[in-house]
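Source file: input21.cif; contents: mmCIF, C-alpha atoms.
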```cif
data_input
loop_
_atom_site.label_atom_id
_atom_site.label_comp_id
_atom_site.auth_asym_id
_atom_site.auth_seq_id
_atom_site.Cartn_x
_atom_site.Cartn_y
_atom_site.Cartn_z
CA PHE A 1 -6.82 -15.48 16.46
CA ASN A 2 -7.46 -11.87 15.73
CA ARG A 3 -6.80 -10.54 12.25
CA LEU A 4 -3.26 -9.37 12.96
CA MET A 5 -2.20 -12.71 14.44
CA LYS A 6 -3.77 -14.50 11.49
CA ARG A 7 -1.75 -12.31 9.16
CA PHE A 8 1.51 -13.25 10.85
CA LEU A 9 0.56 -16.92 10.83
CA PHE A 10 -0.34 -16.90 7.14
CA THR A 11 2.86 -15.05 6.30
CA ILE A 12 4.87 -17.79 7.99
CA ILE A 13 2.86 -20.50 6.21
CA LEU A 14 3.24 -18.85 2.82
CA THR A 15 6.94 -18.26 3.28
CA ALA A 16 7.51 -21.86 4.24
CA ILE A 17 5.60 -23.46 1.42
CA CYS A 18 5.87 -21.10 -1.55
CA GLY A 19 9.27 -22.41 -2.51
CA THR A 20 7.96 -25.93 -2.97
CA VAL A 21 4.40 -25.45 -4.21
CA PHE A 22 5.35 -23.62 -7.38
CA SER A 23 8.13 -26.04 -8.31
CA GLN A 24 5.75 -28.94 -8.99
CA ASN A 25 5.82 -30.59 -12.40
CA ILE A 26 3.22 -29.68 -15.01
CA GLY A 27 1.83 -31.62 -17.92
CA VAL A 28 3.07 -31.53 -21.51
CA GLY A 29 1.69 -28.57 -23.44
CA LYS A 30 0.81 -26.56 -20.33
CA TRP A 31 2.13 -23.05 -19.68
CA ARG A 32 4.59 -22.66 -16.85
CA ASN A 33 5.39 -19.57 -14.79
CA HIS A 34 9.12 -18.99 -14.29
CA PHE A 35 8.70 -16.13 -11.83
CA SER A 36 10.28 -16.10 -8.39
CA TYR A 37 7.86 -16.59 -5.49
CA ALA A 38 10.60 -17.29 -2.98
CA LYS A 39 10.88 -13.81 -1.43
CA ILE A 40 7.74 -12.18 -0.01
CA TYR A 41 7.66 -8.39 0.18
CA LYS A 42 4.14 -7.76 1.43
CA THR A 43 0.99 -9.59 2.53
CA VAL A 44 -2.57 -8.27 2.77
CA VAL A 45 -5.63 -9.91 4.31
CA ALA A 46 -8.55 -9.72 1.91
CA HIS A 47 -11.79 -11.20 3.25
CA ASN A 48 -11.21 -14.97 2.96
CA ARG A 49 -7.80 -14.72 1.29
CA VAL A 50 -4.27 -13.67 2.16
CA TYR A 51 -2.46 -12.17 -0.83
CA ALA A 52 1.33 -12.19 -0.97
CA GLN A 53 3.46 -9.99 -3.18
CA ALA A 54 6.57 -11.96 -4.09
CA LYS A 55 9.69 -10.95 -5.97
CA LEU A 56 8.17 -11.19 -9.44
CA GLY A 57 4.69 -12.53 -8.88
CA LEU A 58 1.54 -12.58 -6.80
CA PHE A 59 -0.24 -15.46 -5.11
CA TYR A 60 -2.88 -15.99 -2.45
CA TYR A 61 -3.76 -18.44 0.29
CA ASP A 62 -7.47 -19.31 0.44
CA ILE A 63 -8.43 -19.37 4.12
CA GLU A 64 -11.55 -21.50 3.53
CA ASP A 65 -10.18 -24.36 1.44
CA GLY A 66 -6.46 -24.08 2.21
CA SER A 67 -5.45 -23.82 -1.45
CA ILE A 68 -2.60 -21.71 -2.80
CA ASN A 69 -3.12 -19.98 -6.12
CA LYS A 70 -0.69 -17.95 -8.17
CA LEU A 71 -1.58 -14.91 -10.25
CA SER A 72 0.39 -13.68 -13.25
CA LYS A 73 -0.25 -12.53 -16.82
CA ILE A 74 -1.23 -16.12 -17.60
CA GLU A 75 -4.04 -15.84 -15.04
CA GLY A 76 -5.09 -12.40 -16.27
CA LEU A 77 -2.86 -9.77 -14.66
CA SER A 78 -2.03 -6.91 -17.03
CA ASP A 79 1.69 -6.64 -16.34
CA VAL A 80 4.74 -7.95 -14.47
CA GLY A 81 6.99 -6.46 -11.81
CA ILE A 82 4.64 -5.56 -8.94
CA SER A 83 5.69 -2.58 -6.81
CA THR A 84 2.98 -2.78 -4.14
CA ILE A 85 -0.50 -4.14 -3.35
CA ALA A 86 -3.32 -3.05 -1.05
CA TYR A 87 -6.88 -4.18 -0.25
CA ASP A 88 -9.98 -2.11 0.44
CA SER A 89 -12.52 -4.02 2.53
CA LYS A 90 -15.41 -1.68 1.67
CA SER A 91 -15.20 -2.20 -2.09
CA ARG A 92 -13.49 -5.62 -1.76
CA CYS A 93 -10.95 -4.42 -4.27
CA LEU A 94 -7.34 -5.58 -4.46
CA THR A 95 -5.30 -2.80 -6.05
CA ILE A 96 -2.08 -3.88 -7.77
CA ALA A 97 0.55 -1.33 -8.76
CA TYR A 98 3.40 -2.23 -11.09
CA ALA A 99 6.93 -0.88 -11.36
CA ASN A 100 6.06 0.76 -14.70
CA SER A 101 3.08 2.57 -13.04
CA ASN A 102 0.44 0.32 -14.56
CA ILE A 103 -2.52 -0.44 -12.26
CA ASP A 104 -4.90 -3.39 -11.91
CA LEU A 105 -8.09 -3.42 -9.83
CA MET A 106 -9.22 -6.94 -8.97
CA ILE A 107 -12.85 -7.14 -7.83
CA ASN A 108 -14.59 -10.52 -7.44
CA ASP A 109 -11.72 -12.11 -9.39
CA VAL A 110 -12.32 -9.79 -12.37
CA ILE A 111 -9.33 -7.63 -13.32
CA TYR A 112 -9.79 -4.06 -14.54
CA ASN A 113 -6.73 -2.31 -15.94
CA ILE A 114 -6.02 1.42 -15.55
CA SER A 115 -2.97 2.32 -17.63
CA ASP A 116 -3.24 6.13 -17.60
CA ILE A 117 -0.16 6.75 -15.43
CA LYS A 118 1.88 4.22 -17.37
CA ARG A 119 1.03 5.94 -20.65
CA LYS A 120 1.34 9.51 -19.39
CA GLU A 121 4.46 11.43 -20.41
CA ILE A 122 6.00 12.55 -17.12
CA SER A 123 9.56 13.78 -16.81
CA GLY A 124 11.07 12.24 -13.71
CA ASP A 125 9.70 9.82 -11.14
CA LYS A 126 6.23 8.38 -11.69
CA ALA A 127 6.56 5.28 -9.49
CA ILE A 128 3.72 4.25 -7.18
CA TYR A 129 5.04 3.90 -3.62
CA ASN A 130 1.94 3.23 -1.52
CA ILE A 131 -1.82 2.78 -1.77
CA SER A 132 -4.42 4.02 0.73
CA PHE A 133 -8.22 3.97 0.68
CA LEU A 134 -11.02 6.35 1.63
CA ASP A 135 -14.69 6.22 0.64
CA ARG A 136 -14.21 3.60 -2.09
CA LYS A 137 -11.36 5.52 -3.66
CA ALA A 138 -7.71 4.48 -3.89
CA TYR A 139 -5.12 7.16 -3.17
CA LEU A 140 -1.86 6.34 -4.93
CA SER A 141 1.30 7.89 -3.48
CA CYS A 142 3.37 8.61 -6.58
CA GLY A 143 6.69 10.18 -7.47
CA PHE A 144 4.90 13.27 -8.82
CA GLY A 145 1.89 13.60 -6.49
CA ILE A 146 -1.29 11.82 -5.41
CA VAL A 147 -3.50 10.01 -7.92
CA VAL A 148 -7.08 9.33 -6.81
CA VAL A 149 -8.73 6.30 -8.41
CA ASP A 150 -12.51 5.89 -8.27
CA ILE A 151 -12.89 2.16 -7.67
CA ASP A 152 -16.58 1.98 -8.61
CA ARG A 153 -16.08 3.86 -11.88
CA LYS A 154 -12.67 2.20 -12.44
CA GLU A 155 -11.05 5.41 -13.56
CA ILE A 156 -8.75 8.16 -12.33
CA ALA A 157 -10.87 10.77 -10.54
CA ASP A 158 -8.24 13.39 -9.70
CA VAL A 159 -4.53 14.16 -9.42
CA TYR A 160 -2.96 16.32 -6.70
CA TYR A 161 0.30 18.07 -7.60
CA LEU A 162 1.46 19.30 -4.20
CA GLY A 163 4.82 20.90 -4.98
CA GLU A 164 5.33 24.65 -4.93
CA ASN A 165 2.83 26.34 -7.26
CA GLY A 166 1.30 22.97 -8.13
CA THR A 167 4.48 21.32 -9.39
CA TYR A 168 5.51 17.69 -9.02
CA MET A 169 6.30 16.42 -5.51
CA LYS A 170 7.14 12.87 -4.46
CA ILE A 171 4.57 11.45 -2.05
CA ASN A 172 5.65 8.45 0.02
CA ASP A 173 2.36 7.66 1.77
CA VAL A 174 -1.14 8.97 2.46
CA ALA A 175 -3.27 8.46 5.59
CA PHE A 176 -6.63 9.63 6.88
CA THR A 177 -8.14 10.54 10.23
CA THR A 178 -11.79 11.41 10.67
CA THR A 179 -10.99 15.07 10.02
CA ASP A 180 -7.85 15.31 7.88
CA ILE A 181 -5.85 13.89 4.98
CA PHE A 182 -2.09 13.57 5.49
CA ALA A 183 0.61 13.13 2.85
CA GLY A 184 4.14 12.08 3.78
CA THR A 185 7.01 13.47 1.70
CA ASP A 186 10.82 13.45 1.77
CA SER A 187 10.75 16.85 3.51
CA GLY A 188 7.77 16.61 5.86
CA ILE A 189 4.01 16.16 6.18
CA LEU A 190 1.28 17.93 4.24
CA ARG A 191 -2.19 18.14 5.81
CA ILE A 192 -5.60 19.23 4.57
CA SER A 193 -9.10 19.02 6.01
CA ARG A 194 -11.32 16.32 4.53
CA GLN A 195 -13.99 19.03 4.25
CA ASN A 196 -11.84 21.15 1.95
CA PRO A 197 -13.48 21.00 -1.50
CA PHE A 198 -10.21 21.68 -3.36
CA PRO A 199 -7.50 19.23 -2.26
CA ASN A 200 -6.03 19.46 -5.76
CA ILE A 201 -4.80 23.00 -5.00
CA ALA A 202 -1.37 22.79 -3.38
CA SER A 203 -1.72 26.03 -1.42
CA ASN A 204 -4.65 24.57 0.52
CA TRP A 205 -2.34 22.08 2.25
CA THR A 206 -0.50 22.91 5.48
CA PHE A 207 3.13 21.84 6.02
CA GLU A 208 4.00 20.05 9.28
CA LEU A 209 6.88 18.12 10.90
CA GLU A 210 9.97 18.85 8.83
CA GLU A 211 11.40 15.34 8.51
CA HIS A 212 11.89 12.60 5.89
CA ILE A 213 8.59 10.70 6.13
CA SER A 214 8.61 7.11 4.93
CA ASN A 215 5.22 5.80 6.17
CA LEU A 216 1.96 7.01 7.68
CA ASP A 217 -0.55 4.96 9.67
CA VAL A 218 -3.55 5.72 11.86
CA CYS A 219 -4.40 4.12 15.23
CA ASN A 220 -7.44 5.19 17.24
CA ASN A 221 -7.69 8.23 14.97
CA ASN A 222 -4.13 9.31 15.88
CA LEU A 223 -1.53 9.62 13.16
CA LEU A 224 1.58 7.41 13.40
CA VAL A 225 4.53 8.81 11.47
CA THR A 226 7.63 6.81 10.54
CA VAL A 227 10.59 9.15 10.10
CA GLN A 228 13.59 7.85 8.14
CA HIS A 229 16.76 9.43 9.56
CA ASN A 230 19.09 7.38 7.36
CA THR A 231 19.21 3.95 5.73
CA ASN A 232 19.33 2.01 9.01
CA ASN A 233 17.77 4.41 11.51
CA SER A 234 14.09 5.33 11.91
CA SER A 235 11.76 6.74 14.57
CA ILE A 236 8.00 6.84 15.07
CA TYR A 237 6.09 9.96 16.07
CA THR A 238 2.45 10.25 17.09
CA ARG A 239 0.19 13.20 16.30
CA THR A 240 -2.33 13.86 19.05
CA ASN A 241 -4.29 17.09 19.50
CA ASN A 242 -2.29 18.71 16.68
CA THR A 243 1.02 17.97 18.44
CA TYR A 244 3.77 15.57 17.31
CA GLU A 245 5.51 13.56 20.01
CA LEU A 246 8.33 11.04 19.75
CA TRP A 247 6.95 7.55 20.47
CA LYS A 248 9.76 5.19 19.41
CA LEU A 249 13.36 6.24 18.91
CA GLY A 250 15.77 4.34 16.69
CA GLY A 251 15.60 1.01 14.86
CA ASN A 252 15.57 -0.07 11.25
CA ILE A 253 11.79 0.10 10.84
CA LYS A 254 10.46 -1.59 7.70
CA SER A 255 6.71 -1.30 8.31
CA VAL A 256 4.04 -0.52 10.89
CA ASP A 257 0.90 -2.67 10.89
CA VAL A 258 -2.15 -1.40 12.79
CA SER A 259 -5.11 -3.58 13.81
CA ASP A 260 -8.03 -3.03 16.18
CA GLN A 261 -5.99 -4.22 19.16
CA TYR A 262 -2.30 -4.13 18.24
CA ILE A 263 0.43 -2.12 16.60
CA ALA A 264 3.08 -4.36 15.03
CA ILE A 265 6.44 -2.78 14.19
CA SER A 266 8.54 -4.78 11.75
CA GLU A 267 12.26 -4.07 11.92
CA TYR A 268 15.19 -5.64 10.11
CA ASP A 269 15.64 -8.43 12.66
CA LYS A 270 12.47 -8.47 14.80
CA VAL A 271 8.75 -7.76 15.09
CA THR A 272 7.46 -5.84 18.12
CA ILE A 273 3.76 -5.93 19.08
#
```
Serialized structure, structure tokens:
Amino acid sequence: FNRLMKRFLFTIILTAICGTVFSQNIGVGKWRNHFSYAKIYKTVVAHNRVYAQAKLGLFYYDIEDGSINKLSKIEGLSDVGISTIAYDSKSRCLTIAYANSNIDLMINDVIYNISDIKRKEISGDKAIYNISFLDRKAYLSCGFGIVVVDIDRKEIADVYYLGENGTYMKINDVAFTTTDIFAGTDSGILRISRQNPFPNIASNWTFELEEHISNLDVCNNNLLVTVQHNTNNSSIYTRTNNTYELWKLGGNIKSVDVSDQYIAISEYDKVTI
């Protein structure tokens, strides 16, 4: 199997067994997790593991020994209520974002907490919607802008406020080509060259494609843009040679998964490869 097919297979396995594995009896005096692992929101392939974000918890399937292991505050996580997860293969870091904007970095099974956003006084939305990676840094798409986390230093390296005159702006997703950084917003796409030394200055970004952008992905160095027309209707555009073209019209698109060989589009009632 290639990586994408493995991911689908593991998702099916995890979905089928998670409801029974975590209901087993435990001994007297042992702690028990009462979180719900029955509904899986997201899976990520991380070296020899497949992590699954469930309704109120996190667990992983070990590809080598076939074991299933749950992760919660009992096992060392810093918080509860996970909003999203993502894995960076270069740093081998699993980044965990919580609904209250707390962040955990898990590297070699050691958890490092970054609570700056959680503790920061921000009026309005400070949720973390997506996580992307570039050069061993995590780019967090937040309700007020982009937060850049230096994974090696385990600290926040920068914050980009991309609204007018450097004000707050909700960022839904971030993606990278070999030349540019793209940020998807409720009103369109913002783009800046990766060579620009001042991405934290809002006026350095260029506005493109005036649409409600829900997700950004990259395939063969071409940007894939998921446009949310309404609750049940989405489209996908491609950006090639600085031009946006409609690639897929209609459908209730939940996610787009890009591998070396395939593009998998997950909709409400089907998956198209």
Pick the closest to Lys70 of chain A from A:Ala52, A:Ile82, A:Ile213, A:Ala202: which is it, counting only C-alpha atoms? A:Ala52
Tell me, as a PyMOL selection string, which residues lie within 12 Å of Gly143 of chain A, counting all atoms listed in the file; anything in the same chain fewer than 3 positions away does not count. chain A and resi 99-101+117+122-130+140+146-147+160-163+167-173+184-186
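Candidate residues A:Val44, A:Val148, A:Leu134, A:Val218 were compared for distance to Arg194 of chain A, and the nearest is A:Leu134, using all atoms listed in the file.
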What is the atom CA of Gly57 of chain A to atom CA of Ser78 of chain A distance in Å? 12.0 Å
Counting only C-alpha atoms, figure out which residue out of A:Thr178, A:Arg191, A:Ala54, A:Leu94 gets nearest to Val110 of chain A. A:Leu94
Applied to this file, what does the PyMOL selection byres ((chain A and resi 203) around 9) return in terms of residues, put as a list in words?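 Evaluating the PyMOL selection byres ((chain A and resi 203) around 9) on this file yields Leu162, Glu164, Asn165, Gly166, Pro199, Asn200, Ile201, Ala202, Asn204, Trp205 and Thr206 of chain A.
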Might you spell out which residues the PyMOL selection byres ((chain A and resi 139) around 12) would select in the displayed file, as number ranges by chain? A: 86-88, 95, 97, 128-138, 140-142, 145-151, 156-160, 171-176, 181-183
Could you tell me which residues the PyMOL selection byres ((chain A and resi 60) around 7) grabs in this file, written as a PyMOL selection string? chain A and resi 49-52+59+61-62+68-70
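Computed from the coordinates, the atom CA of Asn48 of chain A to atom CA of Ile74 of chain A distance equals 22.9 Å.
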I want to know what sits within 10 Å of Leu77 of chain A, based on all atoms listed in the file, with residues of the same chain fewer than 3 positions away left out; could you give that as a short mmCIF file (atom, residue, chain, number, x, y, z; two decimals) with C-alpha atoms, in the coordinates of the input?
```
data_model
loop_
_atom_site.label_atom_id
_atom_site.label_comp_id
_atom_site.auth_asym_id
_atom_site.auth_seq_id
_atom_site.Cartn_x
_atom_site.Cartn_y
_atom_site.Cartn_z
CA GLY A 57 4.69 -12.53 -8.88
CA LEU A 58 1.54 -12.58 -6.80
CA LEU A 71 -1.58 -14.91 -10.25
CA SER A 72 0.39 -13.68 -13.25
CA LYS A 73 -0.25 -12.53 -16.82
CA ILE A 74 -1.23 -16.12 -17.60
CA VAL A 80 4.74 -7.95 -14.47
CA ILE A 96 -2.08 -3.88 -7.77
CA ILE A 103 -2.52 -0.44 -12.26
CA ASP A 104 -4.90 -3.39 -11.91
CA LEU A 105 -8.09 -3.42 -9.83
CA MET A 106 -9.22 -6.94 -8.97
CA VAL A 110 -12.32 -9.79 -12.37
CA ILE A 111 -9.33 -7.63 -13.32
CA TYR A 112 -9.79 -4.06 -14.54
CA ASN A 113 -6.73 -2.31 -15.94
#
```
To one decimal in Å, tell me the separation between atom CA of Glu155 of chain A and atom CA of Phe198 of chain A.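 Separating atom CA of Glu155 of chain A from atom CA of Phe198 of chain A is a distance of 19.2 Å.
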Test item: which residues lie within 12 Å of (7.6, 12.4, 20.4) counting all atoms listed in the file, as a ChimeraX atom specification: /A:209,223-227,235-240,243-249
Which is closer to Asn215 of chain A than all the others in A:Gly188, A:Thr231, A:Asp116, A:Asp79, using all atoms listed in the file?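 Among A:Gly188, A:Thr231, A:Asp116, A:Asp79, it is A:Gly188 that comes nearest to Asn215 of chain A.
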Would you compute an axis-aligned box for segment 79-87 of chain A, covering every atom listed for it in the file with 4 Å of margin on each side, and report centre and edge lengths in Å to one decimal as lines of an AutoDock Vina configuration file?
```
center_x = 0.1
center_y = -5.3
center_z = -8.3
size_x = 21.9
size_y = 13.4
size_z = 24.1
```
